Structure formats: C-alpha cells, structure tokens
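To be precise, the following lines are final35.txt, and they hold compact mmCIF, C-alpha atoms.
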```txt
# COMPACT_ATOMS: atom_id res chain seq x y z
CA MET F 1 0.00 0.00 0.00
CA GLU F 2 1.00 3.63 -0.32
CA GLN F 3 1.06 3.92 3.46
CA GLN F 4 4.77 3.27 3.71
CA THR F 5 5.10 7.06 3.67
CA ASP F 6 6.24 9.30 6.51
CA VAL F 7 4.39 9.45 9.78
CA VAL F 8 3.34 13.00 10.71
CA VAL F 9 1.53 12.26 13.92
CA ARG F 10 2.13 9.33 16.23
CA THR F 11 0.34 8.77 19.50
CA VAL F 12 1.53 6.28 22.07
CA ASN F 13 -1.01 4.99 24.52
CA ILE F 14 -2.58 8.35 25.33
CA VAL F 15 -4.88 8.58 28.32
CA LYS F 16 -6.90 11.61 29.25
CA GLN F 17 -9.20 11.94 32.19
CA TYR F 18 -11.26 14.82 33.46
CA GLY F 19 -12.36 15.52 37.00
CA GLU F 20 -11.30 13.51 39.99
CA GLY F 21 -12.59 11.11 42.62
CA GLU F 22 -16.15 9.99 41.99
CA ALA F 23 -16.58 12.39 39.12
CA LEU F 24 -13.60 11.04 37.24
CA VAL F 25 -14.30 10.59 33.57
CA ARG F 26 -11.92 8.69 31.35
CA ALA F 27 -12.25 10.37 27.98
CA LEU F 28 -9.40 8.45 26.36
CA SER F 29 -8.13 5.14 27.62
CA GLY F 30 -4.99 4.41 25.69
CA ILE F 31 -4.97 5.24 22.02
CA SER F 32 -1.95 4.42 19.90
CA CYS F 33 -1.94 5.25 16.24
CA GLU F 34 0.05 6.60 13.36
CA ILE F 35 -1.11 9.19 10.87
CA TYR F 36 0.71 9.35 7.56
CA ALA F 37 1.81 12.40 5.64
CA GLY F 38 -0.54 13.47 2.90
CA GLU F 39 -3.51 11.32 3.83
CA TYR F 40 -7.11 12.34 4.36
CA LEU F 41 -8.10 10.88 7.69
CA SER F 42 -11.53 11.02 9.23
CA ILE F 43 -12.15 10.39 12.88
CA MET F 44 -15.63 9.12 13.60
CA GLY F 45 -17.42 8.32 16.77
CA PRO F 46 -20.60 9.11 18.64
CA SER F 47 -20.66 12.19 20.88
CA GLY F 48 -18.95 11.48 24.15
CA SER F 49 -16.71 8.86 22.58
CA GLY F 50 -13.59 10.91 23.20
CA LYS F 51 -13.34 11.96 19.59
CA SER F 52 -12.91 15.65 20.32
CA THR F 53 -10.51 14.94 23.15
CA PHE F 54 -8.38 12.79 20.86
CA PHE F 55 -8.53 15.53 18.32
CA ASN F 56 -7.37 18.16 20.80
CA MET F 57 -4.46 15.92 21.79
CA ILE F 58 -3.13 15.54 18.26
CA GLY F 59 -3.46 19.25 17.71
CA GLY F 60 -1.44 20.13 20.79
CA LEU F 61 -4.44 21.97 22.21
CA ASP F 62 -4.46 19.83 25.32
CA LYS F 63 -2.01 17.55 27.05
CA PRO F 64 -2.63 13.88 27.83
CA ASN F 65 -2.40 12.57 31.40
CA GLU F 66 -0.40 9.57 30.22
CA GLY F 67 1.28 8.57 27.01
CA SER F 68 2.72 10.89 24.40
CA VAL F 69 1.92 12.57 21.15
CA PHE F 70 4.60 13.06 18.53
CA VAL F 71 4.10 15.58 15.78
CA ASN F 72 6.88 15.35 13.17
CA SER F 73 8.78 13.20 15.69
CA VAL F 74 8.65 15.93 18.33
CA ASP F 75 7.12 14.99 21.66
CA ILE F 76 4.54 17.69 22.33
CA ALA F 77 4.70 17.24 26.09
CA GLN F 78 8.38 18.23 26.07
CA LEU F 79 7.74 21.59 24.44
CA THR F 80 7.71 24.86 26.32
CA PRO F 81 4.60 27.04 25.81
CA ARG F 82 6.53 29.14 23.34
CA GLU F 83 7.67 26.15 21.32
CA LEU F 84 4.14 24.84 21.36
CA ALA F 85 2.93 28.19 20.01
CA PHE F 86 5.52 27.88 17.26
CA LEU F 87 4.33 24.39 16.41
CA ARG F 88 0.71 25.56 16.20
CA CYS F 89 1.76 28.48 14.10
CA HIS F 90 3.84 26.63 11.53
CA THR F 91 2.87 23.00 11.47
CA ILE F 92 -0.85 22.81 12.16
CA GLY F 93 -3.83 24.65 10.71
CA TYR F 94 -7.08 24.50 12.65
CA ILE F 95 -10.63 24.55 11.38
CA PHE F 96 -13.55 24.49 13.80
CA GLN F 97 -17.19 23.63 13.68
CA THR F 98 -18.03 27.10 14.94
CA PHE F 99 -15.53 28.76 12.56
CA ASN F 100 -13.92 30.74 15.41
CA LEU F 101 -12.86 33.68 13.34
CA ILE F 102 -11.64 36.73 15.18
CA THR F 103 -14.83 38.75 15.03
CA VAL F 104 -13.18 42.12 15.39
CA ARG F 105 -10.93 41.69 12.37
CA THR F 106 -11.74 41.54 8.66
CA ALA F 107 -11.47 38.37 6.58
CA LEU F 108 -8.08 39.40 5.25
CA GLU F 109 -6.79 40.32 8.71
CA ASN F 110 -7.93 36.94 10.00
CA VAL F 111 -5.86 35.26 7.32
CA THR F 112 -2.78 37.43 7.78
CA LEU F 113 -2.67 37.19 11.58
CA PRO F 114 -1.00 33.74 11.72
CA MET F 115 1.55 34.95 9.20
CA LEU F 116 2.39 37.94 11.36
CA PHE F 117 2.91 35.52 14.26
CA ALA F 118 5.30 33.65 12.00
CA GLY F 119 7.29 36.81 11.40
CA VAL F 120 6.23 37.40 7.79
CA GLN F 121 6.48 41.00 6.61
CA PRO F 122 3.05 42.71 6.55
CA ASP F 123 3.10 43.38 2.79
CA ASP F 124 4.01 39.79 1.97
CA ALA F 125 1.41 38.54 4.42
CA GLU F 126 -1.27 40.64 2.77
CA GLU F 127 -0.30 39.46 -0.68
CA LYS F 128 -0.38 35.82 0.37
CA GLY F 129 -3.60 36.40 2.30
CA MET F 130 -5.31 37.71 -0.82
CA LYS F 131 -4.06 34.72 -2.79
CA LEU F 132 -5.43 32.32 -0.19
CA LEU F 133 -8.78 34.10 -0.14
CA ASP F 134 -8.85 33.79 -3.91
CA THR F 135 -8.12 30.08 -3.59
CA VAL F 136 -11.16 29.60 -1.37
CA GLY F 137 -13.22 31.85 -3.64
CA LEU F 138 -13.59 34.86 -1.37
CA GLY F 139 -11.09 37.28 -2.84
CA HIS F 140 -13.78 39.87 -3.42
CA ARG F 141 -14.92 39.94 0.21
CA TYR F 142 -11.59 40.40 1.90
CA HIS F 143 -12.58 43.57 3.75
CA HIS F 144 -15.72 42.10 5.30
CA ARG F 145 -15.98 41.19 8.95
CA PRO F 146 -17.00 37.61 9.84
CA THR F 147 -20.42 38.83 10.97
CA GLU F 148 -21.09 40.08 7.45
CA LEU F 149 -20.38 36.68 5.90
CA SER F 150 -22.52 33.56 5.64
CA GLY F 151 -21.59 30.37 7.47
CA GLY F 152 -20.04 28.78 4.41
CA GLN F 153 -18.08 31.92 3.65
CA GLN F 154 -16.84 32.12 7.23
CA GLN F 155 -15.65 28.53 7.01
CA ARG F 156 -13.83 29.38 3.78
CA VAL F 157 -12.07 32.24 5.53
CA ALA F 158 -11.19 29.82 8.33
CA ILE F 159 -9.71 27.42 5.77
CA ALA F 160 -7.69 30.19 4.19
CA ARG F 161 -6.50 31.14 7.66
CA ALA F 162 -5.56 27.54 8.44
CA LEU F 163 -3.45 27.51 5.28
CA ALA F 164 -1.69 30.77 6.05
CA ASN F 165 1.65 29.33 7.10
CA SER F 166 1.50 26.37 4.70
CA PRO F 167 1.05 23.83 7.51
CA ALA F 168 1.80 20.15 7.06
CA ILE F 169 -1.40 19.21 8.86
CA ILE F 170 -4.89 20.62 8.81
CA LEU F 171 -7.07 19.65 11.73
CA ALA F 172 -10.75 20.09 11.06
CA ASP F 173 -13.18 19.56 13.92
CA GLU F 174 -16.58 18.88 12.38
CA PRO F 175 -15.97 21.46 9.67
CA THR F 176 -19.36 20.89 8.08
CA GLY F 177 -21.30 20.56 11.35
CA ASN F 178 -22.88 23.99 11.19
CA LEU F 179 -23.42 24.14 7.44
CA ASP F 180 -26.18 23.04 5.12
CA LEU F 181 -25.68 20.08 2.77
CA LYS F 182 -24.59 22.01 -0.28
CA THR F 183 -22.20 24.32 1.52
CA GLY F 184 -20.86 21.37 3.47
CA GLN F 185 -20.11 19.55 0.23
CA GLU F 186 -18.27 22.59 -1.08
CA ILE F 187 -16.13 22.73 2.03
CA ILE F 188 -15.36 19.01 1.72
CA ASP F 189 -14.40 19.45 -1.93
CA LEU F 190 -12.13 22.29 -0.96
CA LEU F 191 -10.41 20.21 1.72
CA LYS F 192 -10.04 17.30 -0.67
CA MET F 193 -8.52 19.61 -3.27
CA LEU F 194 -5.99 20.87 -0.74
CA GLN F 195 -5.02 17.33 0.11
CA SER F 196 -4.70 16.04 -3.43
CA GLU F 197 -3.10 19.14 -4.97
CA HIS F 198 -1.04 20.52 -2.13
CA GLY F 199 -0.24 17.35 -0.24
CA VAL F 200 -1.61 18.65 3.04
CA THR F 201 -2.48 16.02 5.63
CA ILE F 202 -6.11 16.46 6.57
CA ILE F 203 -7.36 15.11 9.87
CA SER F 204 -10.99 15.68 10.41
CA ALA F 205 -13.43 14.71 13.13
CA THR F 206 -16.84 14.22 11.63
CA HIS F 207 -20.31 12.74 11.67
CA ASP F 208 -20.78 13.64 8.07
CA HIS F 209 -21.04 10.66 5.70
CA LYS F 210 -20.15 12.78 2.68
CA MET F 211 -16.80 13.26 4.33
CA LEU F 212 -16.17 9.52 4.45
CA ASP F 213 -16.26 9.15 0.69
CA VAL F 214 -13.20 11.32 0.27
CA SER F 215 -11.24 9.84 3.19
CA ASP F 216 -8.24 7.60 2.75
CA ARG F 217 -8.69 6.11 6.19
CA ILE F 218 -11.28 6.31 8.92
CA PHE F 219 -10.64 5.91 12.63
CA HIS F 220 -13.65 4.79 14.61
CA ILE F 221 -13.45 5.82 18.23
CA ARG F 222 -15.68 4.24 20.84
CA ASP F 223 -15.51 4.63 24.60
CA GLY F 224 -12.14 6.32 24.45
CA GLN F 225 -10.55 3.60 22.37
CA LEU F 226 -9.61 3.20 18.77
CA ALA F 227 -12.17 0.55 17.89
CA GLU F 228 -11.55 0.13 14.22
CA ILE F 229 -9.48 1.49 11.34
CA GLU F 230 -11.08 1.40 7.93
CA THR F 231 -9.07 2.06 4.81
CA LYS F 232 -10.34 3.21 1.48
CA ALA F 233 -9.89 -0.32 0.12
CA ASP F 234 -12.32 -1.63 2.75
CA LEU F 235 -14.82 1.04 1.84
CA VAL F 236 -14.74 0.31 -1.86
CA THR F 237 -15.31 -3.41 -1.41
CA ALA F 238 -18.03 -2.86 1.19
CA MET V 1 18.09 12.58 17.16
CA THR V 2 15.12 13.78 15.20
CA GLU V 3 13.87 15.26 18.45
CA GLN V 4 17.03 17.32 18.59
CA THR V 5 16.79 18.73 15.11
CA GLY V 6 13.11 19.37 15.61
CA ARG V 7 13.89 21.37 18.68
CA ALA V 8 16.56 23.48 17.02
CA GLN V 9 14.11 25.07 14.61
CA PHE V 10 11.78 26.30 17.35
CA LYS V 11 12.86 29.90 17.48
CA ASN V 12 9.59 31.62 17.87
CA GLN V 13 9.58 35.37 18.08
CA ASP V 14 6.70 37.59 18.97
CA PRO V 15 5.37 39.74 16.17
CA PRO V 16 6.24 43.44 16.37
CA LEU V 17 4.36 45.51 18.89
CA TRP V 18 2.10 47.10 16.30
CA VAL V 19 0.39 43.77 15.71
CA ALA V 20 -0.74 43.70 19.33
CA TRP V 21 -1.57 47.40 19.13
CA HIS V 22 -3.80 46.90 16.07
CA GLN V 23 -5.50 43.94 17.69
CA ALA V 24 -6.22 45.98 20.82
CA LEU V 25 -7.48 48.97 18.82
CA ALA V 26 -9.69 46.75 16.69
CA SER V 27 -11.30 45.22 19.76
CA ILE V 28 -11.95 48.62 21.24
CA ARG V 29 -13.35 50.00 17.98
CA VAL V 30 -15.67 47.12 17.25
CA ARG V 31 -17.04 46.87 20.76
CA PHE V 32 -17.12 50.63 20.99
CA PHE V 33 -20.44 50.96 22.76
CA ARG V 34 -19.60 48.24 25.24
CA GLN V 35 -16.19 49.70 25.89
CA LEU V 36 -17.82 53.09 26.36
CA ILE V 37 -19.87 51.64 29.19
CA THR V 38 -16.81 49.96 30.66
CA SER V 39 -14.83 53.17 30.60
CA SER V 40 -17.70 55.22 31.99
CA GLY V 41 -17.79 52.74 34.87
CA ILE V 42 -14.11 53.44 35.39
CA ALA V 43 -14.76 57.18 34.98
CA LEU V 44 -17.50 57.27 37.62
CA GLY V 45 -15.40 55.40 40.16
CA ILE V 46 -12.44 57.67 39.58
CA ALA V 47 -14.66 60.78 39.60
CA PHE V 48 -15.95 59.89 43.04
CA PHE V 49 -12.46 59.25 44.35
CA VAL V 50 -11.07 62.45 42.85
CA SER V 51 -13.87 64.64 44.13
CA MET V 52 -13.37 63.28 47.62
CA GLN V 53 -9.66 64.05 47.36
CA MET V 54 -10.46 67.59 46.25
CA LEU V 55 -12.89 68.18 49.06
CA ARG V 56 -10.30 66.99 51.52
CA MET V 57 -7.82 69.49 50.12
CA ALA V 58 -10.33 72.30 50.29
CA GLU V 59 -9.45 74.99 52.76
CA SER V 60 -12.47 75.15 54.92
CA THR V 61 -13.41 77.75 57.45
CA VAL V 62 -15.33 75.18 59.39
CA ALA V 63 -13.34 72.57 61.25
CA LYS V 64 -12.55 69.64 59.00
CA ASP V 65 -13.89 66.34 60.05
CA GLU V 66 -10.79 64.36 59.14
CA ALA V 67 -12.13 60.99 60.23
CA ARG V 68 -15.24 61.30 58.13
CA LEU V 69 -13.28 62.37 55.07
CA THR V 70 -10.85 59.50 55.40
CA TRP V 71 -13.80 57.17 55.63
CA LEU V 72 -15.33 58.67 52.50
CA ILE V 73 -12.11 58.44 50.54
CA GLY V 74 -11.67 54.86 51.65
CA THR V 75 -15.18 54.03 50.52
CA SER V 76 -14.71 55.79 47.20
CA LEU V 77 -11.52 53.88 46.61
CA ILE V 78 -13.19 50.54 47.27
CA MET V 79 -16.15 51.43 45.07
CA CYS V 80 -13.82 52.46 42.33
CA LEU V 81 -11.78 49.28 42.68
CA VAL V 82 -14.82 47.01 42.62
CA GLY V 83 -16.33 48.81 39.63
CA VAL V 84 -13.18 48.78 37.57
CA THR V 85 -12.25 45.20 38.43
CA ASN V 86 -15.72 44.00 37.57
CA SER V 87 -15.77 45.72 34.19
CA MET V 88 -12.35 44.46 33.21
CA LEU V 89 -12.96 40.92 34.45
CA MET V 90 -16.09 40.78 32.36
CA SER V 91 -14.39 42.08 29.27
CA VAL V 92 -11.66 39.44 29.52
CA THR V 93 -13.77 36.43 30.47
CA GLU V 94 -16.24 37.00 27.66
CA ARG V 95 -13.33 36.63 25.30
CA PHE V 96 -11.86 33.31 26.41
CA ARG V 97 -12.86 31.76 23.10
CA GLU V 98 -11.09 34.46 21.19
CA ILE V 99 -8.01 33.85 23.33
CA GLY V 100 -8.20 30.13 22.57
CA THR V 101 -8.51 30.83 18.87
CA ILE V 102 -5.57 33.19 18.79
CA LYS V 103 -3.54 30.55 20.60
CA CYS V 104 -4.41 28.07 17.88
CA LEU V 105 -3.09 30.51 15.31
CA GLY V 106 0.25 30.49 17.05
CA ALA V 107 0.10 33.45 19.41
CA SER V 108 2.44 33.14 22.35
CA ASP V 109 1.12 33.65 25.86
CA SER V 110 2.93 36.94 26.12
CA PHE V 111 1.34 38.26 22.92
CA ILE V 112 -2.12 37.61 24.35
CA VAL V 113 -1.27 39.32 27.61
CA ARG V 114 0.22 42.23 25.71
CA VAL V 115 -2.99 42.81 23.74
CA PHE V 116 -5.02 42.96 26.92
CA PHE V 117 -2.41 45.16 28.57
CA ILE V 118 -2.62 47.72 25.77
CA GLU V 119 -6.38 47.58 25.69
CA ALA V 120 -6.72 48.00 29.44
CA ALA V 121 -4.19 50.80 29.55
CA LEU V 122 -6.03 52.70 26.81
CA LEU V 123 -9.41 52.21 28.44
CA GLY V 124 -7.96 53.09 31.81
CA PHE V 125 -6.37 56.24 30.42
CA PHE V 126 -9.51 57.55 28.74
CA GLY V 127 -11.84 56.48 31.54
CA SER V 128 -9.78 57.91 34.33
CA THR V 129 -8.90 61.14 32.53
CA LEU V 130 -12.57 61.73 31.93
CA GLY V 131 -13.42 60.71 35.49
CA SER V 132 -10.73 62.86 37.06
CA LEU V 133 -11.80 65.94 35.09
CA LEU V 134 -15.42 65.30 35.99
CA GLY V 135 -14.55 64.82 39.65
CA ILE V 136 -12.47 67.97 39.79
CA VAL V 137 -15.07 70.12 38.05
CA LEU V 138 -17.84 68.79 40.28
CA SER V 139 -15.88 69.30 43.46
CA ILE V 140 -15.03 72.86 42.46
CA ILE V 141 -18.70 73.54 41.88
CA VAL V 142 -19.58 72.01 45.23
CA CYS V 143 -16.93 74.10 46.96
CA ARG V 144 -18.23 77.26 45.30
CA VAL V 145 -21.81 76.54 46.19
CA SER V 146 -21.05 75.75 49.81
CA GLY V 147 -18.82 78.78 50.13
CA LEU V 148 -15.51 76.96 50.43
CA ASN V 149 -12.37 78.05 48.69
CA PRO V 150 -11.76 75.53 45.90
CA PRO V 151 -8.25 74.00 46.10
CA TYR V 152 -7.13 75.03 42.60
CA SER V 153 -3.50 74.46 43.40
CA ALA V 154 -4.14 70.84 44.31
CA ALA V 155 -6.16 70.16 41.16
CA LEU V 156 -3.20 69.17 39.02
CA SER V 157 -1.71 66.70 41.44
CA VAL V 158 -5.16 65.21 42.12
CA LEU V 159 -5.66 64.87 38.37
CA GLY V 160 -2.36 62.99 38.10
CA LEU V 161 -3.28 60.80 41.04
CA GLY V 162 -6.69 59.99 39.58
CA ILE V 163 -5.30 59.04 36.16
CA GLY V 164 -2.46 57.04 37.65
CA MET V 165 -4.79 55.16 39.98
CA GLY V 166 -7.27 54.49 37.19
CA ILE V 167 -4.70 53.08 34.79
CA ALA V 168 -3.08 50.96 37.50
CA MET V 169 -6.40 49.50 38.55
CA THR V 170 -7.65 48.71 35.04
CA VAL V 171 -4.37 47.17 34.00
CA ILE V 172 -4.03 45.04 37.12
CA SER V 173 -7.61 43.81 37.00
CA ALA V 174 -7.40 42.99 33.29
CA ILE V 175 -3.97 41.41 33.34
CA ALA V 176 -4.72 38.87 36.06
CA PRO V 177 -7.52 37.06 34.17
CA ALA V 178 -5.68 37.54 30.86
CA ILE V 179 -2.60 35.75 32.18
CA GLN V 180 -4.81 33.02 33.54
CA ALA V 181 -6.52 32.63 30.16
CA ALA V 182 -3.26 32.74 28.23
CA LYS V 183 -1.77 29.95 30.33
CA MET V 184 -4.78 27.68 29.91
CA PRO V 185 -4.48 24.87 27.38
CA ALA V 186 -6.01 26.16 24.17
CA ALA V 187 -8.68 23.47 24.25
CA ALA V 188 -9.89 24.64 27.66
CA ALA V 189 -10.05 28.25 26.55
CA LEU V 190 -12.02 27.25 23.45
CA ARG V 191 -14.49 25.23 25.51
CA MET V 192 -15.34 28.16 27.73
CA ASP V 193 -18.88 29.27 27.18
CA ILE V 194 -20.17 32.44 28.64
```
Represent the structure of the file as structure tokens.
Amino acid sequence: MEQQTDVVVRTVNIVKQYGEGEALVRALSGISCEIYAGEYLSIMGPSGSGKSTFFNMIGGLDKPNEGSVFVNSVDIAQLTPRELAFLRCHTIGYIFQTFNLITVRTALENVTLPMLFAGVQPDDAEEKGMKLLDTVGLGHRYHHRPTELSGGQQQRVAIARALANSPAIILADEPTGNLDLKTGQEIIDLLKMLQSEHGVTIISATHDHKMLDVSDRIFHIRDGQLAEIETKADLVTA
Amino acid sequence: MTEQTGRAQFKNQDPPLWVAWHQALASIRVRFFRQLITSSGIALGIAFFVSMQMLRMAESTVAKDEARLTWLIGTSLIMCLVGVTNSMLMSVTERFREIGTIKCLGASDSFIVRVFFIEAALLGFFGSTLGSLLGIVLSIIVCRVSGLNPPYSAALSVLGLGIGMGIAMTVISAIAPAIQAAKMPAAAALRMDI
C-alpha cells in the first residue's frame, strides 16, 4: 500500500481523564496510532466517545495525562509554551465547527494574523492572504468582517486562515457541522482539493457521511478507544 | 536525534508591537459601545475618588472632620476598585474563546497578555482622565456653592493621582484574568462558554 510514507503524527497509549474522585471521567483510555503524511483521515465516533478529546491531543491543544503525542517526531509534552505556540503556528492549521474567526478583524486580517505571528512582513502577508482568499473563492470579500459573511463563507475564511503558514497538517473539527448540505459539500471538496493538490495532511473529526467518501482512512473511536481502522480499500469493497 | 533537530528550529519570536496594538485597537473600535460603558464605569469610580480628594484638600473655614473624610475616601476607593475590576474581568472572560482561537493561530502567551495590557491601559487612560476631570469640576462647583475656597492648586496633582490610579487598577484587574486565560491549554479556553 502507499502507506509506507512518513508518519506526521504518532500517539503512544494516550490517556486523558477529566475531574477527579467519583466524578472522574476517562475520555481516552490508551490510544496508539500513526497518521501518515498526505492522507485524508476522518475520525468518527458518537458524541462522548472521546473523539474531540483525541482531536485536541493531536493538535497540541491539550495535554494527555499519560502517554505521548509526537508531531513530526517531536514529543509535544516536552515543548515549552513558546515552542508549542511555534508548532501551532507553523505545522498545524485549525478549522472548527463554529468557525472561530476573530470577530473584530476583517477576513483578510484573519488570514494574515497567523503569518504575522510567523514573522512574515506585513506586505508579503497581505499578498499571500489575498491569494489564499482567492483560492477559497472569497477574494472579493476580503474587507468584510466575519459577521457580514454567511456560514459557508466564514468557514472558507477559516480554511484560508488555516493555510496561512503552509502547515503540514490541517485539523478540522466537524468542519461541516454547522453548514447546510450544499455548503458542506463545497467545504469538503475544498479540503479534498488541498489534500490532493497541495499534499496537506487532513485530519478531520466528523459525523458527516459525505466526508467519508473522500477519506483515505477512517478511525472509529468508541468509549475512548480506537475501535476500528477502515481504509479506502475496505470502503470500496463494502 | 530527530527530536534534537526538531527542537533546534523552534525559534519563535513575537510579532512586532504594532500587531498587538492593532488587535487591541480593533477590539476597542468594534465593541465601541460596550467599551464606552466599561470606561464610563471606570470614569464614575475615579470621579468619586477624585472629588473626595479635592474636598479633603479644600481649605475650609469650618473645622474639617478628618475621620469622616478618610472614611469617604476609603469608601470611594473601594467602590472604584470594585467597579473597575468588575468591568475588566467581564471584558476578559467573555473573550476566552477568542483567546483560545488566537492561541491556535500560534500566538504566544505573552502576545495575548500584551494585547489585553494595551487595551486596558487605553481604556484606563480615557476612563480615568474623563473621570478625574469630571470629579475635579464637580468638586469645584460644590466648593463654590457651599462657600468653600476651591483648592485650585491641588487640582493638578489630584488629576495625576486619579489618572495614575485608574490606569493601575484597570491594567491590574485585566492582566490577572488575561494571564490566567493565556496559560490555559487552548482546548480549555475554546471550551469556555459564557
């Protein structure tokens, strides 16, 4: 199979629990997996399965209680806050169900902000920002604030923003969850295009069955464990 | 070994100060009405404090009741502190999500704190300047009406005191929750619902 390629994310037996004593909840009870460079991976699971928690772990948004997460062979737990910020800035692009654009800034400013964090010169950042907005089909609305854009348009801005520093990985947490069918499909097509044409690794948590058709692999998470891994080959024969 | 090389490239630098400055200005501009209320809260607290200071300075023909004035100034200070802290706490906590998002984009903790520092200092400056002027004008009027000699000479130093106090209080009460939010794991900050 083509999966002899590089591993971008590796998790080793990660455990995450919330609360303590009687109220202790084990969100993840030991997940080990490898995610390959350039693949389109979907993470599925019912709500409460630990899907989002797992997702936050791979993205370096949260730290596991036990086990470790390696992104590009770097153990996230060993990083200082500043190094972690650098990792988020350069290696990972985030897309959320609720878009999470900075409401006080325009579309273009939302896209350029991560580049400014990366030390790009403002003029270059603006130029690249406009290019990215063009890529997602929103070049003409660059000066609009998120509140003046529709849900689908906001998600496009979020995708452009996630791409700002040409990350190796894009993490999308239910990117189509708040969108209607048609807009959702457009967002999925856009993500697929980024993966196939730009070689970006896409990791996406989803309930959306349209998303599964484009995935190379699917992780099924149940009760905090990796219950099953489906590959595209399985899907085609099924 | 790969760990080593991976580590070597982590030389993150904060963006230049103007990035934080623009972010702070944008938040003030967009939430202008809300920020107006916040700063008028600051202004009223400071105005009360400043007017009490002025009255204390006033040369009175009647014997000054020092104990009562001290009590009043103490009260005004506490009122001012509570008002300012409350406004600033609110304005930071309602933005935990935004903080989480900015963290995801690669902002360092210190960048986040810096934005709130600038914002609070600006709000504190405008609010307390306004409040100090208001307090001084009011106290002069009160002095005139009640036949006291207004302490014009003290006005300038009281103005300075009022502005200084106001900025210090806004900054301190905004920075504490901002640092707390900046240090949170990004996932926790994003989860926060207000």
Any idea what the distance is between CA of Leu194 (chain F) and CA of Cys89 (chain F)? 18.4 Å
If we count all atoms listed in the file, what is near region 64-78 of chain V at a cut-off of 10 Å, once residues fewer than 2 positions away on the same chain are taken out, given as an NGL selection string? :V and (45-53 or 55-56 or 58-62 or 80-84 or 165)
Taking all atoms listed in the file into account, what are the residues of chain F at most 8 Å from chain V, put as a PyMOL selection string? chain F and resi 56+61-63+72-75+81-83+85-90+93-94+100-102+104-105+113-114+116-119+162
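Distance-wise, CA of Ala168 (chain F) and CA of Val200 (chain F) end up 5.5 Å apart.
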Of the candidates F:Tyr40, F:Tyr142, F:Phe99, F:Phe54, which shows the shortest atom-to-atom distance to Val214 (chain F), using all atoms listed in the file? F:Tyr40
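Once Phe125 (chain V) and its same-chain neighbours fewer than 4 positions away are set aside, Ala121, Thr129, Ile163 and Ile167 of chain V remain within 7 Å of it when counting all atoms listed in the file.
Taking only C-alpha atoms into account, Ala120 (chain V) lies nearest to V:Val92 out of the set V:Val92, V:Arg144, V:Leu44, V:Ile37.
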Could you tell me, as a count of residues only, which residues have any atom at most 10 Å from (-10.5, 50.6, 31.1), counting only C-alpha atoms? 33
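Here CA of Glu39 (chain F) and CA of Val120 (chain F) stand 28.1 Å from one another.
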Would it be fine to have region 155-174 of chain V, with N, CA and C atoms, given as a compact mmCIF listing (two decimals), in the first residue's frame?
```
# COMPACT_ATOMS: atom_id res chain seq x y z
N ALA V 155 -5.44 70.83 42.25
CA ALA V 155 -6.16 70.16 41.16
C ALA V 155 -5.25 69.30 40.29
N LEU V 156 -4.08 69.88 39.95
CA LEU V 156 -3.20 69.17 39.02
C LEU V 156 -2.68 67.86 39.59
N SER V 157 -2.25 67.92 40.85
CA SER V 157 -1.71 66.70 41.44
C SER V 157 -2.82 65.66 41.64
N VAL V 158 -4.04 66.14 41.97
CA VAL V 158 -5.16 65.21 42.12
C VAL V 158 -5.50 64.57 40.78
N LEU V 159 -5.41 65.39 39.72
CA LEU V 159 -5.66 64.87 38.37
C LEU V 159 -4.69 63.74 38.05
N GLY V 160 -3.39 64.01 38.34
CA GLY V 160 -2.36 62.99 38.10
C GLY V 160 -2.64 61.73 38.90
N LEU V 161 -3.00 61.93 40.16
CA LEU V 161 -3.28 60.80 41.04
C LEU V 161 -4.44 59.97 40.50
N GLY V 162 -5.50 60.67 40.10
CA GLY V 162 -6.69 59.99 39.58
C GLY V 162 -6.36 59.15 38.35
N ILE V 163 -5.63 59.76 37.39
CA ILE V 163 -5.30 59.04 36.16
C ILE V 163 -4.39 57.85 36.46
N GLY V 164 -3.39 58.11 37.29
CA GLY V 164 -2.46 57.04 37.65
C GLY V 164 -3.18 55.87 38.29
N MET V 165 -4.03 56.19 39.28
CA MET V 165 -4.79 55.16 39.98
C MET V 165 -5.66 54.37 39.00
N GLY V 166 -6.34 55.13 38.14
CA GLY V 166 -7.27 54.49 37.19
C GLY V 166 -6.55 53.51 36.28
N ILE V 167 -5.42 53.95 35.70
CA ILE V 167 -4.70 53.08 34.79
C ILE V 167 -4.18 51.85 35.54
N ALA V 168 -3.62 52.09 36.73
CA ALA V 168 -3.08 50.96 37.50
C ALA V 168 -4.17 49.94 37.78
N MET V 169 -5.33 50.43 38.21
CA MET V 169 -6.40 49.50 38.55
C MET V 169 -6.91 48.73 37.35
N THR V 170 -7.15 49.43 36.22
CA THR V 170 -7.65 48.71 35.04
C THR V 170 -6.63 47.68 34.57
N VAL V 171 -5.37 48.09 34.51
CA VAL V 171 -4.37 47.17 34.00
C VAL V 171 -4.26 45.94 34.89
N ILE V 172 -4.18 46.18 36.22
CA ILE V 172 -4.03 45.04 37.12
C ILE V 172 -5.24 44.11 37.02
N SER V 173 -6.44 44.69 36.99
CA SER V 173 -7.61 43.81 37.00
C SER V 173 -7.86 43.16 35.65
N ALA V 174 -7.26 43.67 34.58
CA ALA V 174 -7.40 42.99 33.29
C ALA V 174 -6.30 41.96 33.10
```
